[in-house]
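> I have a structure here, written as C-alpha cells, and I will follow up with some questions on it.
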4 protein chains.
Amino acid sequence: MKNTFGQHLSVTLFGESHGTAIGAVLDGLCPGLPIDEKNILRMLQLRQPGGAISTARREKDVYEIVSGAVNGVATGTPLTILIRNQDTKSGDYAAMQTLMRPGHADYPAQCKYHGYQDTRGGGHFSGRITAPLVAAGAICHSALAKKGIAIGTHISRCACVQDRAFGDIPGDIAALSNSLFPVLDAAAGEKMREAILAAKAEGDSVGGILETAVIGLPAGVGEPWFDTFESLLAHILFSVPAVKGVEFGDGFALADRKGSQANDPLRYEDGKVVAQSNHGGGIGGGITSGMPVIFRCAIKPTPSIAQKQQTVDVLQKENADLEIKGRHDPAIVHRARIVIDAVTAIAVYDMLAGRFGTDYFAKEA
Amino acid sequence: MKNTFGQHLSVTLFGESHGTAIGAVLDGLCPGLPIDEKNILRMLQLRQPGGAISTARREKDVYEIVSGAVNGVATGTPLTILIRNQDTKSGDYAAMQTLMRPGHADYPAQCKYHGYQDTRGGGHFSGRITAPLVAAGAICHSALAKKGIAIGTHISRCACVQDRAFGDIPGDIAALSNSLFPVLDAAAGEKMREAILAAKAEGDSVGGILETAVIGLPAGVGEPWFDTFESLLAHILFSVPAVKGVEFGDGFALADRKGSQANDPLRYEDGKVVAQSNHGGGIGGGITSGMPVIFRCAIKPTPSIAQKQQTVDVLQKENADLEIKGRHDPAIVHRARIVIDAVTAIAVYDMLAGRFGTDYFAKEA
Amino acid sequence: MKNTFGQHLSVTLFGESHGTAIGAVLDGLCPGLPIDEKNILRMLQLRQPGGAISTARREKDVYEIVSGAVNGVATGTPLTILIRNQDTKSGDYAAMQTLMRPGHADYPAQCKYHGYQDTRGGGHFSGRITAPLVAAGAICHSALAKKGIAIGTHISRCACVQDRAFGDIPGDIAALSNSLFPVLDAAAGEKMREAILAAKAEGDSVGGILETAVIGLPAGVGEPWFDTFESLLAHILFSVPAVKGVEFGDGFALADRKGSQANDPLRYEDGKVVAQSNHGGGIGGGITSGMPVIFRCAIKPTPSIAQKQQTVDVLQKENADLEIKGRHDPAIVHRARIVIDAVTAIAVYDMLAGRFGTDYFAKEA
Amino acid sequence: MKNTFGQHLSVTLFGESHGTAIGAVLDGLCPGLPIDEKNILRMLQLRQPGGAISTARREKDVYEIVSGAVNGVATGTPLTILIRNQDTKSGDYAAMQTLMRPGHADYPAQCKYHGYQDTRGGGHFSGRITAPLVAAGAICHSALAKKGIAIGTHISRCACVQDRAFGDIPGDIAALSNSLFPVLDAAAGEKMREAILAAKAEGDSVGGILETAVIGLPAGVGEPWFDTFESLLAHILFSVPAVKGVEFGDGFALADRKGSQANDPLRYEDGKVVAQSNHGGGIGGGITSGMPVIFRCAIKPTPSIAQKQQTVDVLQKENADLEIKGRHDPAIVHRARIVIDAVTAIAVYDMLAGRFGTDYFAKEA
C-alpha cells in the first residue's frame, strides 16, 4: 500500500518538504476517542529542531484537523491532519537538484521516479513529513494511555557515549516525556551534546541508538507467521528515515549467548505469570508475553554535512563535488525519538484494534 | 493478513508440526515460470537437520505441488506446496503441553489462543513450518536468478566466532550455495562447529548472526514511507523464528560513525553511477540504489535445551521445573540461513512484481 | 490479493478441476470455534450435482482438514481444507483445450495466462473450486448461527418461472436449509424443473435469480466509502462463477420508484428502532440497519451446452465449430445457491471480526 | 481498509459535508503522468448541481492539489486533492441531527458511530464527498485515455423513461462527454426532465439506471477467484451513494435466457479474436475478453424529499415526523453519472497497474 500503514487503523502520509502542504489521514479510530491536542502539541514540539544541536529551520508546524473530529472527539471517520508549509527557502536547495546528496534518498528516488520527483528539500523523503506522522501517532498515543499502555524512548547511545539502560520503566518513561534531549543519565546526555557540537564544528554529524519501552500491553498480541508483533513494528520503524537497524530484547547480543542465558524463566507471582528476565523483549514467537516490550533502533548520522563530498550530477551525467549549504542537523537522534514513539503508538493501536475490535478504545482500562 | 505475506506475489502458510500436513500457497506467479525442482530440493536439503550439530529428527520433507503447475511450469494460478507430516513422535512432547517452554512461543500462544492452539511440537509456531516456506522461496529464488539476481547468506558469527565479511560477492554467493554450514572462512567455521558441540555437551545451545547479500537488483525498488525495501524485508525476516534483530548496511555500527564516514560517495564509472562505499547496504531512503543489498539477522540460541529450567504449568497454575527431552538443535543458525534466503527471495519477487507487473519474470534479464 | 478474500478472516482458494487437489485456507478464525462437520457435509451435499437436472459427474468431495483444528475445534491458526480430485476424465476435455468454449473463461484466461493455464475441465476457473469454498463458508455459517445470524437463499426465478418472495424469513430459511432445489413455492419449483429438463432435451441450459436473506445481523456493520457492506458482499458474490448481477433490497426496481416509495420509514417498537418497510434491503449508506439484509444475484445459463457453437482454435488460429461432450449441468442455479450462502457467511464473518475483534465468536449471542 | 480503495493505485477519501475540508489521496500514480486540469474541471463541473433538476446548493468545488504534482506532472508520490467547504448552511440541518432521515445513512451511522459521527449535511456520508473522488478519478481517466481506453455513461433509464442502448460506442462516448444530462436519445432525455420536474413539484424524487461502456481495454485483466474485474468494479461502484444494483453485460436479463442465447460466439476477424455478440459485457470468468465492458448501476431515488415522513428521534427516543427543508436534488442520476465514470477509471487504473506495473502509463498506447 506504499504510503499507507495499518490494516485496522491505517495512516496514509502525503506531502513534500517544500510543497503546498503535508499531512496524514488516520482511518479506523474508535468513535468518541478524545483528541488530546495537548499531547499532539507536546509531541510535535519534541520533534521540532531547537538549540545549537539542530537545524536553524523553524517551521511552526501549525496543524489543522480538517476532518474526522467534532468538538475535540473523533467521529470514527477518516481524521485528516494538514500542515501547510511556510518557512521554505527553496533557493537553498535549487542548485543541488541534479546533484545527488550522498546518504540521502536522492539517487534511489531519481531511479524510481525518473526525475519527476519533487527534489526541493528532499521532497517526499524529507524528515519534515514526520510532522503529520507524529501528530497522527500522538492521537494513538493518548488512546493507548487510556488503556494503561505507555511508550517511552531514550537516546541509548550517541556519538559513542552510552546512556544507562531502562531501570524503573514507568518512572523512566515519565521522566523522558517532556525532555528535548531524552536520556536517563544526565551526565551521559551532557557528553553527547558536547560530542554533537564538536562534530558540528567539523562540519560533520553523528548517529546513535534509540531504545524504546512499551508497558501495559496485554499478552497475546501479534500474528504468526507474517504479522508478528516484531514484523509489524519493524515494518513501520524501518519507514522512519535514518533507521538502519532494529532489534528486540537483547537483539544482536543474543548471538553471543547460550540458550541457558537467553531463555526467560517463568514464574507465577500473585497468580500472574511473570518472566524472571526479559532477554526476549516482551515477545515470544512474535507474540507479546505481557512483559515490557523493549527494542532499539540504529539511527545513522545525518547525511547532510557541511564537508565537501563526491557525487554525481545526473543532468550533466558527470562527476561533481558537493558542498551542502542551508540549515541542517548535526544530530537527528534526539528528534527521531518522538517519531519512534509515534510510529510505535500507531502500530500498537492497529494491532489492538485488529485483536479486540474498533471500539476497544472506547472504555478505559 | 496474519499468515499471508506479499501484495503482488503472496505466500500463505499453514500447518502444525505434528498435524496432518503443512504447506504454502504462492499466488501471483508469472504464468510460464519454470518450477526448478532441483532448486527446491537443494534448498529443502540445506534446511534439513544433519550431523551432530542438529536435531536427530529426520523428516523426509516429501513435498507435493498440488496446484498451480502443469508440466513443471507455473500456470499463474495459486501454486500449493503440501508436505505431509510423517516422523512425528508426539509422545515426546505430550508431557509438556501445559508446561510452557521458556524462550518458545508457548506462553504467548497460550494467551492468544486461550489454550486451543495445537501444542504438539510447537504446533503452528514450529520451525518445521519453514519447510514449505523454503520451498515457496526456492521457486522465487529461481525466478530471480533468471533476471540476474542472486542471494547468498553466510554465518557471519556463531558462538562468538566471527566469519570474514563478504568480499567478491558473486564468488562468495556461489561458494555458499551448497554448503550445509555456510561460512566464508573455513577455519572460522571449524571453530564454530567445535563451540556448538561444546554447548551441546553442556545441554546448552548457541546463537549467531547471518549476513546476506543480494546482487543484481535494479535501482529504484521500494516505496517511501511505509513499504520501503527495508520495511518489507524486515517484515518477513522478523517472521522467521529466532530472528531478534535486523540491520542493513553497517546497521548498528553506524550509530558510532560520523556522517562523513557513513555517506557513500557517488561516481560515474563507465556511464553508470557507482557508490564508492556501501555503508547504506544498497538502500537509500528505503529504496534500492543498485549497489549490493547487505543485511544481517541476529539469531537467538535455540530455546530447547536439555538443562533444567524454571517455568509454569498453566493447567495446574503452579510453578514447575522443565527438562526438555526429545530431539533438538544445539544451533539453528546454519539451518536458518536458507530460510533467510527463501524469505528474501519472496519479498524481492513481490516488490519487483509490484513495480514491473506480473509478467516481469517471463523474460530473462 | 487475487485468490484471497477478507481482511480479518481471510480465505485463500487454490486448485484446478483436474489437478491433484483443490482447497481453501481460512485464516483468522476465533480460537475454540467448534468445527461443525455436519454443517460442512450438509452444505457440500447441497452443492453436489444430483438427479437429471445436474451433471452426471460425481465427485465424492471427500475433504480433509489438514491444519488449524484439533479435536473438532479451531485452533485459531490457518485452517486448511483439502479435497483430492478423483473422478477426473480428462479425456473428455483434452480435445477442446485449444477450442475456446463460448461463455467460459477459456479465452480471457488464454489472454491472461498466455496459454500456461491448466485448461482441463476449466482448470482453476471450474465451478468445482467452489467445493472447498463452500466448506470454508460452512465453518463461518456455523459460527454465525451461534451468534443468532441465519442465511438462506432460494431460487427466486428460473427459466422464466417466478418463486414467491420471502415472507416469514426465519421460517423460510429453515424450510430451505436442506432442500436440493430450494424454492418457497413448491409448485413454482416443479415448473422450473420441467423447464430445465425441456432445455436439457434441446441440448440447452437455463439461468435464474437467487434471492438471499440474512437475519440477526447487528446494526452498524460496514465501512463508508469503500468497504461498505454492499461493496464487500458484492466483491465476493461476483467471484462466484455465473453471477452477472447483484442487487440489494429492491435493487433495479428502485430505478422506477419515487423517493416517497423507496424510503423506509422508521418507528420505535418496544424500544427498538424498526423500519416499516425494507426497500433498502437492510442497508443504508452502505451500513447495516438491523433489518434483514436482502439481495439477489443474477445467474447466467450454464455455458456448457450440447448444441454446436462457433468459436476459435487458438492453436491453429482459425475458426472452428465446437460440440461440447462430457457431463454438464442444464442449470446451475440450484447448486449455486449454497455457494452464495457460503460466500455470504465468509464476508459477514470477516466484517464482524473486523468490527468486534477476533474473539467475537467465542461467546454465544 | 475502510476509506481506501485499490491495491496498486489507491485512493483514500476523507472529509465531511460541513466540516473544514474534504479530499482524496491518490497513491501509486505513474511518475511523469500529466495532470490534465481541464479534465478535472470538466468532470467536477458535470458533478455539480445545475438548473431546476438539482439542489440549489452551489459549491464552487475549488480544489487544490497540495502534494504529489510539480509543474502539472505527477511525481509518483501521493497526490492530494483538497477542497475546502465554503457554502455550508449548517443551520438548515441542525434541527434534524437527532431525527434520522429515512433512506439516508443517518440511522445505520448512528448505530456504528454511537452518535459521535458528524451529522451536519450527512457528514462523511454526504454525496459531497464525491467531489474529490471525481477529481481523483479524472486524473485516472486522463491516464487511461492516453492508453486508448475510454469510459462513458448515459442515463439508461430515469423516472420510467428509457434511453436507447449504446450503438456506436466510441461515438456515443464522445457525444456524452460534456453533457450535463447525458442521454443518447434527446427526446427520451426531454421526457426524463419533465418527469423529474413533476416529481419535484410533488415534493418527491426519482431514480434511474446508469449504463457505462469501457472500450480499449486489453484482454486478460482481472484475477480469479476474488479479485475479478467484476468484483473490483462492483466493490467501488457499491461505494457510490444511491447505487443499489450492479449488473454486467445482459445482467439480470440473462436469468431468462438459454445458454444458446447467452454465450458469445467467437470468430477471428483480421487475425484478432472478436466475439459475435456481447451478452457477457466484455468479461468472461471475471476477466476481460477485449470486447467493450458494459455494465449498469441502479440508482435509487434521492432520499431527501419535501414530503412529511415518519421517523425516530434518537435523542428523545420517540417517534417523530420529519419535513426536510434545505436544498435537495429531485434526481441524482445525472450527477451520479460522472461519479460512476470516475470510480470506474480508478478501478481500471488500479487493475492495469497491478498487471503491467507502475510505469505502464508512462508510454502512450
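So you can find residues: chains in the C-alpha cells are A, B, ... in the order shown, residues in each start at 1, and ligands are numbered from 1 in order.
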Run DSSP on the backbone and grab whatever in region 85-229 of chain A lands in strand (DSSP E or B); send it over as a VMD selection string.

chain A and resid 99 150 to 158 161 to 162 206 208 to 215

> Let's have the selection written as a compact mmCIF listing (two decimals), in the first residue's frame, with C-alpha atoms.


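The result, written out as out.txt:
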# COMPACT_ATOMS: atom_id res chain seq x y z
CA LEU A 99 23.50 16.83 -7.60
CA ALA A 150 2.78 3.79 27.94
CA ILE A 151 5.64 4.27 25.46
CA GLY A 152 8.99 5.92 26.13
CA THR A 153 12.22 6.25 24.20
CA HIS A 154 15.65 7.43 25.27
CA ILE A 155 18.93 8.03 23.49
CA SER A 156 20.65 4.82 24.45
CA ARG A 157 23.84 5.84 22.66
CA CYS A 158 25.02 8.87 20.70
CA VAL A 161 28.50 7.90 24.54
CA GLN A 162 26.28 5.36 26.31
CA VAL A 206 26.76 11.89 14.45
CA GLY A 208 23.07 6.99 17.74
CA ILE A 209 20.79 4.31 19.11
CA LEU A 210 17.28 4.84 20.45
CA GLU A 211 15.85 2.43 22.99
CA THR A 212 12.11 2.16 23.48
CA ALA A 213 9.95 0.56 26.14
CA VAL A 214 6.23 -0.21 25.83
CA ILE A 215 4.49 -1.20 29.05

> Write down as an NGL selection string the residues of region 7-114 of chain C whose backbone DSSP state falls under helix (DSSP H, G or I).

:C and (37-47 or 90-94 or 106-113)

> Please produce a file of the residues just selected, as a compact mmCIF listing (two decimals), in the first residue's frame, where the atoms kept are C-alpha atoms.


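So out.txt came out as:
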# COMPACT_ATOMS: atom_id res chain seq x y z
CA GLU C 37 -18.68 -31.16 10.33
CA LYS C 38 -22.36 -31.92 9.91
CA ASN C 39 -22.90 -28.47 8.50
CA ILE C 40 -19.90 -28.82 6.20
CA LEU C 41 -21.29 -32.09 4.88
CA ARG C 42 -24.79 -30.63 4.55
CA MET C 43 -23.54 -27.69 2.53
CA LEU C 44 -21.20 -29.77 0.39
CA GLN C 45 -24.07 -32.10 -0.34
CA LEU C 46 -26.30 -29.25 -1.47
CA ARG C 47 -23.53 -28.16 -3.84
CA SER C 90 -9.56 -35.53 -18.70
CA GLY C 91 -10.01 -37.36 -21.96
CA ASP C 92 -13.39 -35.72 -22.39
CA TYR C 93 -11.79 -32.33 -22.32
CA ALA C 94 -8.46 -33.00 -23.97
CA ASP C 106 -11.28 -20.02 -21.69
CA TYR C 107 -10.46 -17.13 -23.96
CA PRO C 108 -9.92 -14.44 -21.28
CA ALA C 109 -7.75 -16.94 -19.38
CA GLN C 110 -5.79 -17.69 -22.53
CA CYS C 111 -5.05 -13.96 -22.85
CA LYS C 112 -4.15 -13.59 -19.19
CA TYR C 113 -2.01 -16.67 -18.77

> Need the shell around Phe295 (chain A): protein/DNA/RNA residues with any atom at most 10 Å away, counting only C-alpha atoms. Skip same-chain ones fewer than 3 positions apart. Format as number ranges by chain?

A: 153, 210-214, 230, 233-234, 246-251, 280-282, 292; B: 244-245

> Work out how far CA of Leu29 (chain A) is from CA of Leu9 (chain A), in Å to one decimal.

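Spanning CA of Leu9 (chain A) to CA of Leu29 (chain A) is a straight-line distance of 6.4 Å.
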
> With 6 Å as the cut-off and only C-alpha atoms counted, what is the closest atom pair between each nearby residue of chain B and chain D? Distances in Å to one decimal, ordered by chain and number, as a tab-separated table.


residue	atom	partner	partner_atom	distance
B:Gly354	CA	D:Gly357	CA	6.0
B:Arg355	CA	D:Gly357	CA	5.0
B:Phe356	CA	D:Gly357	CA	4.1
B:Gly357	CA	D:Gly357	CA	3.9
B:Thr358	CA	D:Arg355	CA	5.4

> Deliver the residues from the most recent selection as a file, using all heavy atoms, as a JSON list (two decimals), in the first residue's frame.


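Below is the file that was written, part_35.json:
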[["chain", "number", "residue", "atom", "x", "y", "z"],
["B", 354, "GLY", "N", 5.36, -5.90, -8.14],
["B", 354, "GLY", "CA", 4.58, -4.68, -7.94],
["B", 354, "GLY", "C", 5.07, -3.55, -8.82],
["B", 354, "GLY", "O", 4.29, -2.77, -9.36],
["B", 355, "ARG", "N", 6.37, -3.48, -8.96],
["B", 355, "ARG", "CA", 6.97, -2.38, -9.72],
["B", 355, "ARG", "C", 6.83, -2.60, -11.22],
["B", 355, "ARG", "O", 6.54, -1.67, -11.97],
["B", 355, "ARG", "CB", 8.46, -2.33, -9.35],
["B", 355, "ARG", "CG", 9.29, -1.27, -9.99],
["B", 355, "ARG", "CD", 9.27, -0.02, -9.15],
["B", 355, "ARG", "NE", 10.17, 0.99, -9.70],
["B", 355, "ARG", "CZ", 9.85, 1.75, -10.73],
["B", 355, "ARG", "NH1", 8.69, 1.62, -11.32],
["B", 355, "ARG", "NH2", 10.71, 2.64, -11.17],
["B", 356, "PHE", "N", 7.02, -3.84, -11.66],
["B", 356, "PHE", "CA", 7.14, -4.09, -13.10],
["B", 356, "PHE", "C", 6.01, -4.94, -13.68],
["B", 356, "PHE", "O", 6.00, -5.22, -14.88],
["B", 356, "PHE", "CB", 8.49, -4.72, -13.42],
["B", 356, "PHE", "CG", 9.67, -3.86, -13.01],
["B", 356, "PHE", "CD1", 10.53, -4.27, -12.00],
["B", 356, "PHE", "CD2", 9.89, -2.65, -13.63],
["B", 356, "PHE", "CE1", 11.61, -3.48, -11.62],
["B", 356, "PHE", "CE2", 10.98, -1.84, -13.26],
["B", 356, "PHE", "CZ", 11.84, -2.26, -12.24],
["B", 357, "GLY", "N", 5.10, -5.41, -12.83],
["B", 357, "GLY", "CA", 3.97, -6.18, -13.34],
["B", 357, "GLY", "C", 4.18, -7.68, -13.23],
["B", 357, "GLY", "O", 5.30, -8.17, -13.03],
["B", 358, "THR", "N", 3.08, -8.39, -13.36],
["B", 358, "THR", "CA", 3.05, -9.84, -13.18],
["B", 358, "THR", "C", 3.99, -10.59, -14.12],
["B", 358, "THR", "O", 4.61, -11.58, -13.75],
["B", 358, "THR", "CB", 1.61, -10.35, -13.42],
["B", 358, "THR", "OG1", 0.72, -9.59, -12.62],
["B", 358, "THR", "CG2", 1.48, -11.81, -13.10]]

> For Ile149 (chain D), work out the shell of residues within 12 Å, counting only C-alpha atoms and skipping chain neighbours fewer than 2 positions away, then give it as a VMD selection string.

chain D and resid 140 to 147 151 to 152 170 173 213 to 218 290 to 293 344 to 345 348 to 349 352 361 364 to 365

> With N, CA and C atoms retained, export the selected residues as an mmCIF file, in the first residue's frame.


data_model
loop_
_atom_site.group_PDB
_atom_site.id
_atom_site.type_symbol
_atom_site.label_atom_id
_atom_site.label_comp_id
_atom_site.auth_asym_id
_atom_site.auth_seq_id
_atom_site.Cartn_x
_atom_site.Cartn_y
_atom_site.Cartn_z
ATOM 1 N N CYS D 140 -7.106 9.637 -13.284
ATOM 2 C CA CYS D 140 -7.001 8.278 -13.837
ATOM 3 C C CYS D 140 -7.620 8.211 -15.229
ATOM 4 N N HIS D 141 -8.730 8.905 -15.380
ATOM 5 C CA HIS D 141 -9.461 8.932 -16.642
ATOM 6 C C HIS D 141 -8.561 9.458 -17.765
ATOM 7 N N SER D 142 -7.811 10.503 -17.490
ATOM 8 C CA SER D 142 -6.888 11.051 -18.490
ATOM 9 C C SER D 142 -5.757 10.068 -18.786
ATOM 10 N N ALA D 143 -5.297 9.402 -17.746
ATOM 11 C CA ALA D 143 -4.219 8.429 -17.945
ATOM 12 C C ALA D 143 -4.692 7.288 -18.839
ATOM 13 N N LEU D 144 -5.926 6.847 -18.611
ATOM 14 C CA LEU D 144 -6.468 5.767 -19.428
ATOM 15 C C LEU D 144 -6.625 6.225 -20.874
ATOM 16 N N ALA D 145 -7.060 7.471 -21.033
ATOM 17 C CA ALA D 145 -7.263 7.999 -22.396
ATOM 18 C C ALA D 145 -5.968 7.909 -23.198
ATOM 19 N N LYS D 146 -4.837 8.214 -22.531
ATOM 20 C CA LYS D 146 -3.536 8.115 -23.208
ATOM 21 C C LYS D 146 -3.262 6.702 -23.718
ATOM 22 N N LYS D 147 -3.839 5.715 -23.027
ATOM 23 C CA LYS D 147 -3.651 4.319 -23.437
ATOM 24 C C LYS D 147 -4.768 3.840 -24.359
ATOM 25 N N ILE D 151 -14.146 5.797 -21.354
ATOM 26 C CA ILE D 151 -15.259 5.432 -20.478
ATOM 27 C C ILE D 151 -16.397 6.408 -20.716
ATOM 28 N N GLY D 152 -17.606 5.898 -20.843
ATOM 29 C CA GLY D 152 -18.759 6.790 -20.999
ATOM 30 C C GLY D 152 -19.986 6.197 -20.346
ATOM 31 N N PRO D 170 -17.769 4.291 -29.479
ATOM 32 C CA PRO D 170 -16.840 5.433 -29.421
ATOM 33 C C PRO D 170 -17.549 6.759 -29.695
ATOM 34 N N ILE D 173 -19.735 7.673 -26.654
ATOM 35 C CA ILE D 173 -18.949 8.179 -25.524
ATOM 36 C C ILE D 173 -18.533 9.625 -25.778
ATOM 37 N N ALA D 213 -19.999 2.173 -20.583
ATOM 38 C CA ALA D 213 -19.174 1.394 -21.507
ATOM 39 C C ALA D 213 -17.712 1.772 -21.308
ATOM 40 N N VAL D 214 -16.865 0.746 -21.321
ATOM 41 C CA VAL D 214 -15.419 0.968 -21.270
ATOM 42 C C VAL D 214 -14.823 0.292 -22.496
ATOM 43 N N ILE D 215 -14.169 1.075 -23.337
ATOM 44 C CA ILE D 215 -13.587 0.489 -24.556
ATOM 45 C C ILE D 215 -12.075 0.683 -24.570
ATOM 46 N N GLY D 216 -11.422 -0.208 -25.270
ATOM 47 C CA GLY D 216 -9.962 -0.103 -25.418
ATOM 48 C C GLY D 216 -9.178 -0.904 -24.400
ATOM 49 N N LEU D 217 -9.891 -1.597 -23.525
ATOM 50 C CA LEU D 217 -9.223 -2.412 -22.504
ATOM 51 C C LEU D 217 -8.538 -3.623 -23.124
ATOM 52 N N PRO D 218 -7.335 -3.928 -22.679
ATOM 53 C CA PRO D 218 -6.726 -5.172 -23.148
ATOM 54 C C PRO D 218 -7.458 -6.385 -22.578
ATOM 55 N N GLY D 290 -11.487 -8.342 -24.046
ATOM 56 C CA GLY D 290 -11.098 -7.442 -25.130
ATOM 57 C C GLY D 290 -12.296 -6.791 -25.804
ATOM 58 N N MET D 291 -13.490 -7.299 -25.521
ATOM 59 C CA MET D 291 -14.720 -6.669 -26.027
ATOM 60 C C MET D 291 -15.060 -5.476 -25.113
ATOM 61 N N PRO D 292 -15.937 -4.568 -25.547
ATOM 62 C CA PRO D 292 -16.322 -3.466 -24.655
ATOM 63 C C PRO D 292 -16.910 -3.988 -23.346
ATOM 64 N N VAL D 293 -16.473 -3.411 -22.260
ATOM 65 C CA VAL D 293 -17.069 -3.743 -20.962
ATOM 66 C C VAL D 293 -18.325 -2.882 -20.799
ATOM 67 N N THR D 344 -14.912 4.112 -11.994
ATOM 68 C CA THR D 344 -14.523 3.116 -12.986
ATOM 69 C C THR D 344 -13.081 3.355 -13.416
ATOM 70 N N ALA D 345 -12.750 4.618 -13.644
ATOM 71 C CA ALA D 345 -11.378 4.952 -14.054
ATOM 72 C C ALA D 345 -10.380 4.545 -12.980
ATOM 73 N N VAL D 348 -10.072 0.656 -12.915
ATOM 74 C CA VAL D 348 -9.381 0.143 -14.101
ATOM 75 C C VAL D 348 -7.894 0.486 -14.036
ATOM 76 N N TYR D 349 -7.581 1.703 -13.624
ATOM 77 C CA TYR D 349 -6.164 2.092 -13.472
ATOM 78 C C TYR D 349 -5.487 1.144 -12.499
ATOM 79 N N LEU D 352 -4.857 -2.292 -14.059
ATOM 80 C CA LEU D 352 -3.808 -2.250 -15.081
ATOM 81 C C LEU D 352 -2.437 -2.066 -14.444
ATOM 82 N N PHE D 361 1.701 3.546 -17.478
ATOM 83 C CA PHE D 361 1.042 4.711 -18.075
ATOM 84 C C PHE D 361 2.034 5.762 -18.566
ATOM 85 N N GLU D 364 2.451 6.185 -24.249
ATOM 86 C CA GLU D 364 1.150 6.197 -24.909
ATOM 87 C C GLU D 364 0.896 4.836 -25.554
ATOM 88 N N ALA D 365 -0.356 4.551 -25.756
ATOM 89 C CA ALA D 365 -0.717 3.251 -26.348
ATOM 90 C C ALA D 365 -0.188 3.157 -27.769
#

> As a VMD selection string, please: the residues near region 261-272 of chain B (cut-off 10 Å, only C-alpha atoms, same-chain neighbours under 3 positions excluded).

(chain A and resid 100 to 104 107 204 to 207 300 to 305 309 to 314 317 to 321) or (chain B and resid 249 to 250 253 to 258 275 to 282 284 290)

> Quick one: of C:Gly203, C:Asp36, C:Ser260, C:His114, who's nearest to Pro330 (chain D), counting only C-alpha atoms?

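Looking at the shortest contact to Pro330 (chain D), the residue is C:Ser260.
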
> Could you tell me how far CA of Arg296 (chain D) sits from CA of Ala175 (chain D), in Å to one decimal place?

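Going from CA of Ala175 (chain D) over to CA of Arg296 (chain D), I get 18.7 Å.
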